[in-house]
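Student: Got a file for you: structure.csv, CSV, C-alpha atoms and all ligand atoms.
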chain,number,residue,atom,x,y,z
A,16,MET,CA,28.6,-18.1,-31.9
A,17,LYS,CA,30.9,-16.2,-29.5
A,18,ASN,CA,28.2,-13.5,-29.1
A,19,ILE,CA,25.6,-16.1,-28.3
A,20,VAL,CA,27.8,-17.5,-25.5
A,21,VAL,CA,28.4,-14.0,-24.1
A,22,PHE,CA,24.7,-13.3,-24.3
A,23,ALA,CA,23.8,-16.5,-22.6
A,24,GLY,CA,26.4,-15.8,-19.9
A,25,LEU,CA,24.9,-12.4,-19.3
A,26,LEU,CA,21.4,-13.8,-19.1
A,27,ILE,CA,22.5,-16.3,-16.5
A,28,CYS,CA,24.1,-13.5,-14.4
A,29,LEU,CA,21.0,-11.4,-14.7
A,30,LEU,CA,18.7,-14.3,-13.7
A,31,GLY,CA,21.0,-15.0,-10.8
A,32,PHE,CA,20.7,-11.3,-9.8
A,33,PHE,CA,17.0,-11.2,-10.0
A,34,ARG,CA,16.6,-14.4,-8.1
A,35,ALA,CA,18.9,-13.2,-5.4
A,36,ALA,CA,17.2,-9.8,-5.1
A,37,PRO,CA,14.0,-10.8,-3.3
A,38,ALA,CA,16.1,-12.4,-0.5
A,39,ALA,CA,17.8,-9.0,0.2
A,40,ALA,CA,14.6,-7.0,0.0
A,41,ARG,CA,12.7,-9.9,1.5
A,42,ARG,CA,9.2,-8.4,1.7
A,43,LYS,CA,7.2,-5.8,-0.1
A,44,ILE,CA,5.8,-2.9,1.9
A,45,PRO,CA,5.4,-4.4,5.5
A,46,ALA,CA,1.8,-4.6,6.6
A,47,PRO,CA,2.3,-2.0,9.5
A,48,GLU,CA,3.6,0.5,7.0
A,49,LEU,CA,0.8,-0.2,4.6
A,50,PHE,CA,-1.6,0.4,7.5
A,51,ASN,CA,0.1,3.7,8.5
A,52,SER,CA,0.0,5.1,5.0
A,53,LYS,CA,-3.5,3.9,3.9
A,54,CYS,CA,-5.5,3.8,7.1
A,55,THR,CA,-4.8,7.1,8.9
A,56,GLY,CA,-6.4,9.5,6.4
A,57,CYS,CA,-9.9,9.6,8.1
A,58,HIS,CA,-9.0,8.7,11.6
A,59,GLY,CA,-5.9,8.1,13.8
A,60,ALA,CA,-4.1,4.8,13.9
A,61,ASP,CA,-5.3,4.2,17.5
A,62,VAL,CA,-8.9,3.8,16.3
A,63,ALA,CA,-7.8,0.5,14.7
A,64,LEU,CA,-4.9,-0.4,17.0
A,65,LYS,CA,-6.8,-0.3,20.2
A,66,ARG,CA,-9.4,-2.5,18.8
A,67,HIS,CA,-8.8,-6.3,19.4
A,68,ALA,CA,-10.5,-8.7,17.1
A,69,SER,CA,-9.7,-11.7,15.0
A,70,GLN,CA,-8.3,-11.4,11.5
A,71,GLU,CA,-11.7,-12.3,10.0
A,72,GLN,CA,-13.5,-9.8,12.1
A,73,PHE,CA,-11.0,-7.1,11.1
A,74,LEU,CA,-11.4,-7.9,7.5
A,75,ALA,CA,-15.2,-7.6,7.7
A,76,ILE,CA,-14.9,-4.3,9.6
A,77,ILE,CA,-12.4,-2.7,7.3
A,78,LYS,CA,-13.9,-3.9,4.0
A,79,THR,CA,-16.4,-1.1,4.5
A,80,MET,CA,-13.4,1.4,4.3
A,81,GLN,CA,-11.6,-0.2,1.4
A,82,PHE,CA,-12.9,2.2,-1.2
A,83,GLY,CA,-11.8,5.3,0.8
A,84,ALA,CA,-8.5,3.8,1.7
A,85,ASN,CA,-7.7,2.8,-1.9
A,86,VAL,CA,-6.2,-0.6,-1.1
A,87,SER,CA,-6.4,-3.8,-3.1
A,88,ASP,CA,-8.0,-7.0,-1.7
A,89,ARG,CA,-4.6,-8.5,-1.1
A,90,GLU,CA,-3.5,-5.4,0.8
A,91,MET,CA,-6.7,-5.5,2.9
A,92,GLU,CA,-6.0,-9.2,3.8
A,93,ARG,CA,-2.4,-8.3,4.9
A,94,ILE,CA,-3.6,-5.4,7.0
A,95,ALA,CA,-6.3,-7.6,8.6
A,96,ALA,CA,-3.7,-10.3,9.3
A,97,PHE,CA,-1.5,-7.7,11.0
A,98,LEU,CA,-4.3,-6.1,13.1
A,99,GLY,CA,-6.0,-9.4,14.0
A,100,HIS,CA,-2.8,-11.4,14.7
A,101,PRO,CA,-3.3,-13.1,18.1
A,102,ASP,CA,0.2,-12.1,19.2
A,103,ARG,CA,0.0,-8.4,18.4
A,104,PRO,CA,-1.0,-7.4,21.9
A,105,LEU,CA,1.9,-9.4,23.4
A,106,PHE,CA,4.3,-7.7,21.0
A,107,GLU,CA,2.9,-4.2,21.8
A,108,VAL,CA,3.1,-4.7,25.5
A,109,LYS,CA,6.5,-6.5,25.7
A,110,CYS,CA,8.4,-4.5,23.1
A,111,THR,CA,7.4,-0.9,24.0
A,112,ARG,CA,8.4,-0.9,27.6
A,113,CYS,CA,11.9,0.5,27.1
A,114,HIS,CA,11.4,2.3,23.8
A,115,ASP,CA,8.4,3.2,21.6
A,116,MET,CA,7.2,1.6,18.4
A,117,ASN,CA,9.1,4.3,16.4
A,118,ARG,CA,12.4,2.8,17.5
A,119,ILE,CA,11.3,-0.5,16.0
A,120,ARG,CA,10.0,1.1,12.8
A,121,GLN,CA,13.2,3.0,12.3
A,122,ALA,CA,15.1,-0.3,12.3
A,123,ARG,CA,13.4,-1.3,9.0
A,124,LEU,CA,12.7,-4.8,10.1
A,125,GLU,CA,11.6,-5.8,6.6
A,126,ARG,CA,15.2,-5.5,5.5
A,127,LYS,CA,16.4,-8.0,8.1
A,128,THR,CA,16.7,-11.7,7.4
A,129,ASP,CA,14.7,-14.2,9.5
A,130,ALA,CA,17.9,-15.1,11.3
A,131,ALA,CA,18.6,-11.4,12.1
A,132,LEU,CA,15.0,-11.0,13.5
A,133,LYS,CA,15.5,-14.0,15.7
A,134,ALA,CA,18.9,-12.6,16.9
A,135,LEU,CA,17.2,-9.2,17.6
A,136,GLY,CA,14.5,-10.9,19.7
A,137,GLU,CA,17.1,-12.8,21.7
A,138,ARG,CA,19.2,-9.6,22.3
A,139,MET,CA,16.1,-7.8,23.6
A,140,ARG,CA,15.2,-10.7,25.8
A,141,ARG,CA,18.6,-10.7,27.3
A,142,MET,CA,18.1,-7.1,28.4
A,143,ASP,CA,15.4,-8.3,30.8
A,144,LYS,CA,14.7,-12.0,30.9
A,145,SER,CA,12.1,-11.6,33.6
A,146,TRP,CA,10.1,-9.3,31.3
A,147,ILE,CA,10.3,-11.4,28.1
A,148,SER,CA,10.2,-15.2,28.5
A,149,GLU,CA,11.6,-17.6,26.0
A,150,LYS,CA,8.0,-18.4,25.0
A,151,ASP,CA,7.2,-14.7,24.5
A,152,ALA,CA,10.3,-14.2,22.4
A,153,ALA,CA,9.4,-17.2,20.2
A,154,ALA,CA,5.8,-16.0,19.7
A,155,ILE,CA,7.0,-12.4,19.0
A,156,TYR,CA,9.5,-13.8,16.4
A,157,GLN,CA,6.7,-15.7,14.6
A,158,TYR,CA,4.6,-12.5,14.7
A,159,LEU,CA,7.4,-10.4,13.2
A,160,ILE,CA,8.2,-12.8,10.4
A,161,SER,CA,4.5,-13.0,9.5
A,162,ILE,CA,4.0,-9.3,9.2
A,163,TYR,CA,7.4,-8.2,7.8
B,201,LIG,C1,-12.6,7.1,3.9
B,201,LIG,C2,-12.3,7.2,5.3
B,201,LIG,C3,-11.7,6.1,6.1
B,201,LIG,C4,-10.6,5.4,5.7
B,201,LIG,C5,-9.6,5.6,4.6
B,201,LIG,C6,-10.4,4.3,6.7
B,201,LIG,N1,-11.4,4.4,7.6
B,201,LIG,FE1,-11.6,3.3,9.3
B,201,LIG,N2,-13.2,4.3,9.9
B,201,LIG,C7,-13.8,5.4,9.2
B,201,LIG,C8,-14.9,5.9,9.9
B,201,LIG,C9,-15.8,7.0,9.4
B,201,LIG,C10,-15.0,5.1,11.1
B,201,LIG,C11,-16.1,5.2,12.2
B,201,LIG,C12,-17.2,4.4,11.8
B,201,LIG,C13,-17.9,4.0,13.0
B,201,LIG,O1,-18.6,4.8,13.6
B,201,LIG,O2,-17.7,2.8,13.4
B,201,LIG,C14,-13.9,4.1,11.0
B,201,LIG,C15,-13.7,3.2,12.0
B,201,LIG,C16,-12.7,2.2,12.0
B,201,LIG,C17,-12.5,1.2,12.9
B,201,LIG,C18,-13.4,0.9,14.2
B,201,LIG,C19,-14.6,0.2,13.8
B,201,LIG,C20,-15.2,-0.5,15.0
B,201,LIG,O3,-16.3,-1.0,14.8
B,201,LIG,O4,-14.7,-0.4,16.1
B,201,LIG,C21,-11.5,0.4,12.5
B,201,LIG,C22,-10.9,-0.8,13.2
B,201,LIG,C23,-11.0,1.0,11.3
B,201,LIG,N3,-11.7,2.1,11.0
B,201,LIG,C24,-9.9,0.5,10.6
B,201,LIG,C25,-9.5,1.1,9.4
B,201,LIG,C26,-8.4,0.5,8.6
B,201,LIG,C27,-7.6,-0.7,9.0
B,201,LIG,C28,-8.3,1.3,7.5
B,201,LIG,C29,-7.3,1.1,6.3
B,201,LIG,C30,-7.6,-0.1,5.5
B,201,LIG,C31,-9.3,2.4,7.6
B,201,LIG,N4,-10.0,2.2,8.8
B,201,LIG,C32,-9.4,3.4,6.7
B,201,LIG,C33,-13.3,5.9,8.0
B,201,LIG,C34,-12.2,5.5,7.3
B,202,LIG,C1,14.4,-4.2,28.7
B,202,LIG,C2,14.3,-3.1,27.8
B,202,LIG,C3,14.0,-3.5,26.3
B,202,LIG,C4,12.9,-4.3,25.9
B,202,LIG,C5,11.9,-5.0,26.8
B,202,LIG,C6,13.0,-4.3,24.5
B,202,LIG,N1,14.0,-3.5,24.0
B,202,LIG,FE1,14.5,-3.1,22.1
B,202,LIG,N2,16.0,-2.0,22.7
B,202,LIG,C7,16.4,-1.7,24.0
B,202,LIG,C8,17.6,-0.9,24.0
B,202,LIG,C9,18.3,-0.4,25.2
B,202,LIG,C10,17.9,-0.6,22.6
B,202,LIG,C11,19.0,0.2,22.1
B,202,LIG,C12,20.4,-0.5,22.2
B,202,LIG,C13,20.6,-1.5,21.1
B,202,LIG,O1,20.2,-1.3,20.0
B,202,LIG,O2,21.1,-2.6,21.5
B,202,LIG,C14,16.9,-1.3,21.8
B,202,LIG,C15,16.9,-1.3,20.5
B,202,LIG,C16,15.9,-1.9,19.7
B,202,LIG,C17,15.9,-1.9,18.2
B,202,LIG,C18,16.8,-1.2,17.3
B,202,LIG,C19,18.2,-1.9,17.3
B,202,LIG,C20,18.4,-2.8,16.1
B,202,LIG,O3,19.4,-3.6,16.1
B,202,LIG,O4,17.7,-2.7,15.1
B,202,LIG,C21,14.9,-2.7,17.8
B,202,LIG,C22,14.4,-3.0,16.4
B,202,LIG,C23,14.3,-3.2,19.0
B,202,LIG,N3,14.9,-2.7,20.1
B,202,LIG,C24,13.2,-4.1,19.1
B,202,LIG,C25,12.6,-4.7,20.2
B,202,LIG,C26,11.6,-5.7,20.2
B,202,LIG,C27,11.0,-6.3,18.9
B,202,LIG,C28,11.3,-6.0,21.5
B,202,LIG,C29,10.4,-7.0,22.0
B,202,LIG,C30,10.7,-8.4,21.8
B,202,LIG,C31,12.1,-5.1,22.3
B,202,LIG,N4,12.9,-4.3,21.5
B,202,LIG,C32,12.1,-5.0,23.7
B,202,LIG,C33,15.7,-2.2,25.1
B,202,LIG,C34,14.6,-3.0,25.1
Will you turn the file into structure tokens for me?
Ligand code: HEC
Ligand code: HEC

Tutor:
Amino acid sequence: MKNIVVFAGLLICLLGFFRAAPAAARRKIPAPELFNSKCTGCHGADVALKRHASQEQFLAIIKTMQFGANVSDREMERIAAFLGHPDRPLFEVKCTRCHDMNRIRQARLERKTDAALKALGERMRRMDKSWISEKDAAAIYQYLISIY
């Protein structure tokens, strides 16, 4: 009987741990990282990044490369959502004036909570409020939580 109680207790602790774990590592591989690792074998990242199209258009374009890129349907959808996000151009213009995208990648945004991402956006906005409006910051925050 005692063993069963101990075992049950252990099980509950473990369940608690596994339920808490996804919150810490809140996302799987972020879409931009997936894109960097899977989509730059045959051409540079700029081929896709400089192209502006909707999510659906991107999905149609890149489906033709799915086989060579070795990505699942779900991963293709996530990459298309990242590339075709309507606020990607805003993010790229507003957030790379003082530092490049690498600075942002190094910060491993997927490990940050939604609240930390919001705080980061606010901190960046305060560095130059005439460059990033409140509306821009809100849109960029929504963009970041959708792709990370
Ligand atoms: C097996 C090689 C290969 C891989 C892997 C690959 N591509 Fe391509 N991609 C190509 C080739 C070849 C072209 C040029 C075709 C053309 O002339 O439009 C191209 C062109 C593109 C274009 C421009 C098309 C246009 O009409 O403007 C985009 C966007 C693109 N790739 C995105 C991606 C993405 C996103 C991935 C990852 C899922 C990817 N590619 C992986 C071979 C590849
Ligand atoms: C006016 C200049 C400026 C703009 C615009 C700017 N940044 Fe920064 N950013 C900085 C400086 C300076 C640092 C380094 C000091 C620091 O970390 O506070 C930094 C650091 C960072 C870091 C690493 C620090 C951390 O806490 O992880 C990230 C991530 C980042 N910026 C993201 C962004 C994003 C996202 C945007 C667009 C909303 C943006 N930045 C726009 C100036 C800027």

Student: Let me make sure I understand: among A:Ala84, A:Ile77, A:Ala130, A:Leu49, which one has the smallest atom-to-atom distance to Ala63 in chain A if we use only C-alpha atoms?

Tutor: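 With only C-alpha atoms as the atom set, the closest residue is A:Ile77.
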
Student: Using only C-alpha atoms and all ligand atoms, I'd like a table of the residues in chain A that come within 12 Å of ligand LIG 202 (chain B); for each, show the closest atom pair and its distance in Å rounded to one decimal, ordered by chain and ascending number, as JSON lines.

Tutor:
{"residue": "A:Asp102", "atom": "CA", "partner": "B:LIG202", "partner_atom": "C30", "distance": 11.4}
{"residue": "A:Arg103", "atom": "CA", "partner": "B:LIG202", "partner_atom": "C29", "distance": 11.1}
{"residue": "A:Pro104", "atom": "CA", "partner": "B:LIG202", "partner_atom": "C29", "distance": 11.4}
{"residue": "A:Leu105", "atom": "CA", "partner": "B:LIG202", "partner_atom": "C29", "distance": 8.9}
{"residue": "A:Phe106", "atom": "CA", "partner": "B:LIG202", "partner_atom": "C29", "distance": 6.2}
{"residue": "A:Glu107", "atom": "CA", "partner": "B:LIG202", "partner_atom": "C29", "distance": 8.0}
{"residue": "A:Val108", "atom": "CA", "partner": "B:LIG202", "partner_atom": "C29", "distance": 8.4}
{"residue": "A:Lys109", "atom": "CA", "partner": "B:LIG202", "partner_atom": "C29", "distance": 5.4}
{"residue": "A:Cys110", "atom": "CA", "partner": "B:LIG202", "partner_atom": "C29", "distance": 3.4}
{"residue": "A:Thr111", "atom": "CA", "partner": "B:LIG202", "partner_atom": "C32", "distance": 6.2}
{"residue": "A:Arg112", "atom": "CA", "partner": "B:LIG202", "partner_atom": "C5", "distance": 5.4}
{"residue": "A:Cys113", "atom": "CA", "partner": "B:LIG202", "partner_atom": "C2", "distance": 4.4}
{"residue": "A:His114", "atom": "CA", "partner": "B:LIG202", "partner_atom": "C34", "distance": 6.3}
{"residue": "A:Asp115", "atom": "CA", "partner": "B:LIG202", "partner_atom": "N4", "distance": 8.7}
{"residue": "A:Met116", "atom": "CA", "partner": "B:LIG202", "partner_atom": "C24", "distance": 8.3}
{"residue": "A:Asn117", "atom": "CA", "partner": "B:LIG202", "partner_atom": "C22", "distance": 9.0}
{"residue": "A:Arg118", "atom": "CA", "partner": "B:LIG202", "partner_atom": "C17", "distance": 5.9}
{"residue": "A:Ile119", "atom": "CA", "partner": "B:LIG202", "partner_atom": "C22", "distance": 4.0}
{"residue": "A:Arg120", "atom": "CA", "partner": "B:LIG202", "partner_atom": "C22", "distance": 7.0}
{"residue": "A:Gln121", "atom": "CA", "partner": "B:LIG202", "partner_atom": "C22", "distance": 7.4}
{"residue": "A:Ala122", "atom": "CA", "partner": "B:LIG202", "partner_atom": "O4", "distance": 4.5}
{"residue": "A:Arg123", "atom": "CA", "partner": "B:LIG202", "partner_atom": "O4", "distance": 7.6}
{"residue": "A:Leu124", "atom": "CA", "partner": "B:LIG202", "partner_atom": "C22", "distance": 6.8}
{"residue": "A:Glu125", "atom": "CA", "partner": "B:LIG202", "partner_atom": "C22", "distance": 10.6}
{"residue": "A:Arg126", "atom": "CA", "partner": "B:LIG202", "partner_atom": "O4", "distance": 10.3}
{"residue": "A:Lys127", "atom": "CA", "partner": "B:LIG202", "partner_atom": "O4", "distance": 8.9}
{"residue": "A:Thr128", "atom": "CA", "partner": "B:LIG202", "partner_atom": "O4", "distance": 11.9}
{"residue": "A:Ala131", "atom": "CA", "partner": "B:LIG202", "partner_atom": "O3", "distance": 8.8}
{"residue": "A:Leu132", "atom": "CA", "partner": "B:LIG202", "partner_atom": "C27", "distance": 8.2}
{"residue": "A:Lys133", "atom": "CA", "partner": "B:LIG202", "partner_atom": "C27", "distance": 9.5}
{"residue": "A:Ala134", "atom": "CA", "partner": "B:LIG202", "partner_atom": "O3", "distance": 9.0}
{"residue": "A:Leu135", "atom": "CA", "partner": "B:LIG202", "partner_atom": "O3", "distance": 6.2}
{"residue": "A:Gly136", "atom": "CA", "partner": "B:LIG202", "partner_atom": "C30", "distance": 5.0}
{"residue": "A:Glu137", "atom": "CA", "partner": "B:LIG202", "partner_atom": "C30", "distance": 7.8}
{"residue": "A:Arg138", "atom": "CA", "partner": "B:LIG202", "partner_atom": "O2", "distance": 7.3}
{"residue": "A:Met139", "atom": "CA", "partner": "B:LIG202", "partner_atom": "C6", "distance": 4.8}
{"residue": "A:Arg140", "atom": "CA", "partner": "B:LIG202", "partner_atom": "C30", "distance": 6.4}
{"residue": "A:Arg141", "atom": "CA", "partner": "B:LIG202", "partner_atom": "C1", "distance": 7.9}
{"residue": "A:Met142", "atom": "CA", "partner": "B:LIG202", "partner_atom": "C1", "distance": 4.7}
{"residue": "A:Asp143", "atom": "CA", "partner": "B:LIG202", "partner_atom": "C1", "distance": 4.7}
{"residue": "A:Lys144", "atom": "CA", "partner": "B:LIG202", "partner_atom": "C1", "distance": 8.1}
{"residue": "A:Ser145", "atom": "CA", "partner": "B:LIG202", "partner_atom": "C1", "distance": 9.2}
{"residue": "A:Trp146", "atom": "CA", "partner": "B:LIG202", "partner_atom": "C5", "distance": 6.5}
{"residue": "A:Ile147", "atom": "CA", "partner": "B:LIG202", "partner_atom": "C5", "distance": 6.7}
{"residue": "A:Ser148", "atom": "CA", "partner": "B:LIG202", "partner_atom": "C30", "distance": 9.6}
{"residue": "A:Glu149", "atom": "CA", "partner": "B:LIG202", "partner_atom": "C30", "distance": 10.2}
{"residue": "A:Lys150", "atom": "CA", "partner": "B:LIG202", "partner_atom": "C30", "distance": 10.8}
{"residue": "A:Asp151", "atom": "CA", "partner": "B:LIG202", "partner_atom": "C30", "distance": 7.7}
{"residue": "A:Ala152", "atom": "CA", "partner": "B:LIG202", "partner_atom": "C30", "distance": 5.8}
{"residue": "A:Ala153", "atom": "CA", "partner": "B:LIG202", "partner_atom": "C30", "distance": 9.0}
{"residue": "A:Ala154", "atom": "CA", "partner": "B:LIG202", "partner_atom": "C30", "distance": 9.3}
{"residue": "A:Ile155", "atom": "CA", "partner": "B:LIG202", "partner_atom": "C30", "distance": 6.1}
{"residue": "A:Tyr156", "atom": "CA", "partner": "B:LIG202", "partner_atom": "C30", "distance": 7.7}
{"residue": "A:Gln157", "atom": "CA", "partner": "B:LIG202", "partner_atom": "C30", "distance": 11.0}
{"residue": "A:Tyr158", "atom": "CA", "partner": "B:LIG202", "partner_atom": "C27", "distance": 9.9}
{"residue": "A:Leu159", "atom": "CA", "partner": "B:LIG202", "partner_atom": "C27", "distance": 7.9}
{"residue": "A:Ile160", "atom": "CA", "partner": "B:LIG202", "partner_atom": "C27", "distance": 11.1}
{"residue": "A:Tyr163", "atom": "CA", "partner": "B:LIG202", "partner_atom": "C27", "distance": 11.8}

Student: I need the residue nearest ligand LIG 201 (chain B) from this list: A:Lys43, A:Ile162, A:Phe97, A:Met80. Use only C-alpha atoms and all ligand atoms for the distance.

Tutor: A:Met80

Student: Which residues are near Lys78 in chain A? Cut-off 10 Å, all atoms listed in the file, ignore same chain within fewer than 6 positions. Put them as JSON, numbers by chain.

Tutor: {"A": [84, 86, 88, 91, 92, 95]}

Student: Residues within 8 Å of ligand LIG 201 (chain B) (all atoms listed in the file), as number ranges by chain?

Tutor: A: 50, 53-58, 60, 62-64, 66, 73, 76-78, 80-86, 91, 94-95, 98

Student: Create the file for the chosen residues now, containing C-alpha atoms and written as a PDB file, in the frame of the given file.

Tutor:
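Written out: out14.pdb:
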ATOM      1  CA  PHE A  50      -1.600   0.400   7.500  1.00  0.00           C
ATOM      2  CA  LYS A  53      -3.500   3.900   3.900  1.00  0.00           C
ATOM      3  CA  CYS A  54      -5.500   3.800   7.100  1.00  0.00           C
ATOM      4  CA  THR A  55      -4.800   7.100   8.900  1.00  0.00           C
ATOM      5  CA  GLY A  56      -6.400   9.500   6.400  1.00  0.00           C
ATOM      6  CA  CYS A  57      -9.900   9.600   8.100  1.00  0.00           C
ATOM      7  CA  HIS A  58      -9.000   8.700  11.600  1.00  0.00           C
ATOM      8  CA  ALA A  60      -4.100   4.800  13.900  1.00  0.00           C
ATOM      9  CA  VAL A  62      -8.900   3.800  16.300  1.00  0.00           C
ATOM     10  CA  ALA A  63      -7.800   0.500  14.700  1.00  0.00           C
ATOM     11  CA  LEU A  64      -4.900  -0.400  17.000  1.00  0.00           C
ATOM     12  CA  ARG A  66      -9.400  -2.500  18.800  1.00  0.00           C
ATOM     13  CA  PHE A  73     -11.000  -7.100  11.100  1.00  0.00           C
ATOM     14  CA  ILE A  76     -14.900  -4.300   9.600  1.00  0.00           C
ATOM     15  CA  ILE A  77     -12.400  -2.700   7.300  1.00  0.00           C
ATOM     16  CA  LYS A  78     -13.900  -3.900   4.000  1.00  0.00           C
ATOM     17  CA  MET A  80     -13.400   1.400   4.300  1.00  0.00           C
ATOM     18  CA  GLN A  81     -11.600  -0.200   1.400  1.00  0.00           C
ATOM     19  CA  PHE A  82     -12.900   2.200  -1.200  1.00  0.00           C
ATOM     20  CA  GLY A  83     -11.800   5.300   0.800  1.00  0.00           C
ATOM     21  CA  ALA A  84      -8.500   3.800   1.700  1.00  0.00           C
ATOM     22  CA  ASN A  85      -7.700   2.800  -1.900  1.00  0.00           C
ATOM     23  CA  VAL A  86      -6.200  -0.600  -1.100  1.00  0.00           C
ATOM     24  CA  MET A  91      -6.700  -5.500   2.900  1.00  0.00           C
ATOM     25  CA  ILE A  94      -3.600  -5.400   7.000  1.00  0.00           C
ATOM     26  CA  ALA A  95      -6.300  -7.600   8.600  1.00  0.00           C
ATOM     27  CA  LEU A  98      -4.300  -6.100  13.100  1.00  0.00           C
TER      28      LEU A  98
END

Student: What gap, in Å, lies between CA of Gly59 in chain A and CA of Ser87 in chain A?

Tutor: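 Going from CA of Gly59 in chain A over to CA of Ser87 in chain A covers 20.7 Å.
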
Student: Rounded to one decimal, what separation in Å do you get between CA of Asp129 in chain A and CA of Ala68 in chain A?

Tutor: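 Computing it gives 26.9 Å between the two atoms.
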
Student: Figure out the distance between CA of Arg93 in chain A and CA of Gln70 in chain A, please, to one decimal in Å.

Tutor: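 If I compute the distance from CA of Gln70 in chain A to CA of Arg93 in chain A, I get 9.4 Å.
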
Student: A:Asn51, A:Lys65, A:Ala46, A:Gln72: which is nearest Glu90 in chain A, counting all atoms listed in the file?

Tutor: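 Under the stated criterion, the closest residue is A:Ala46.
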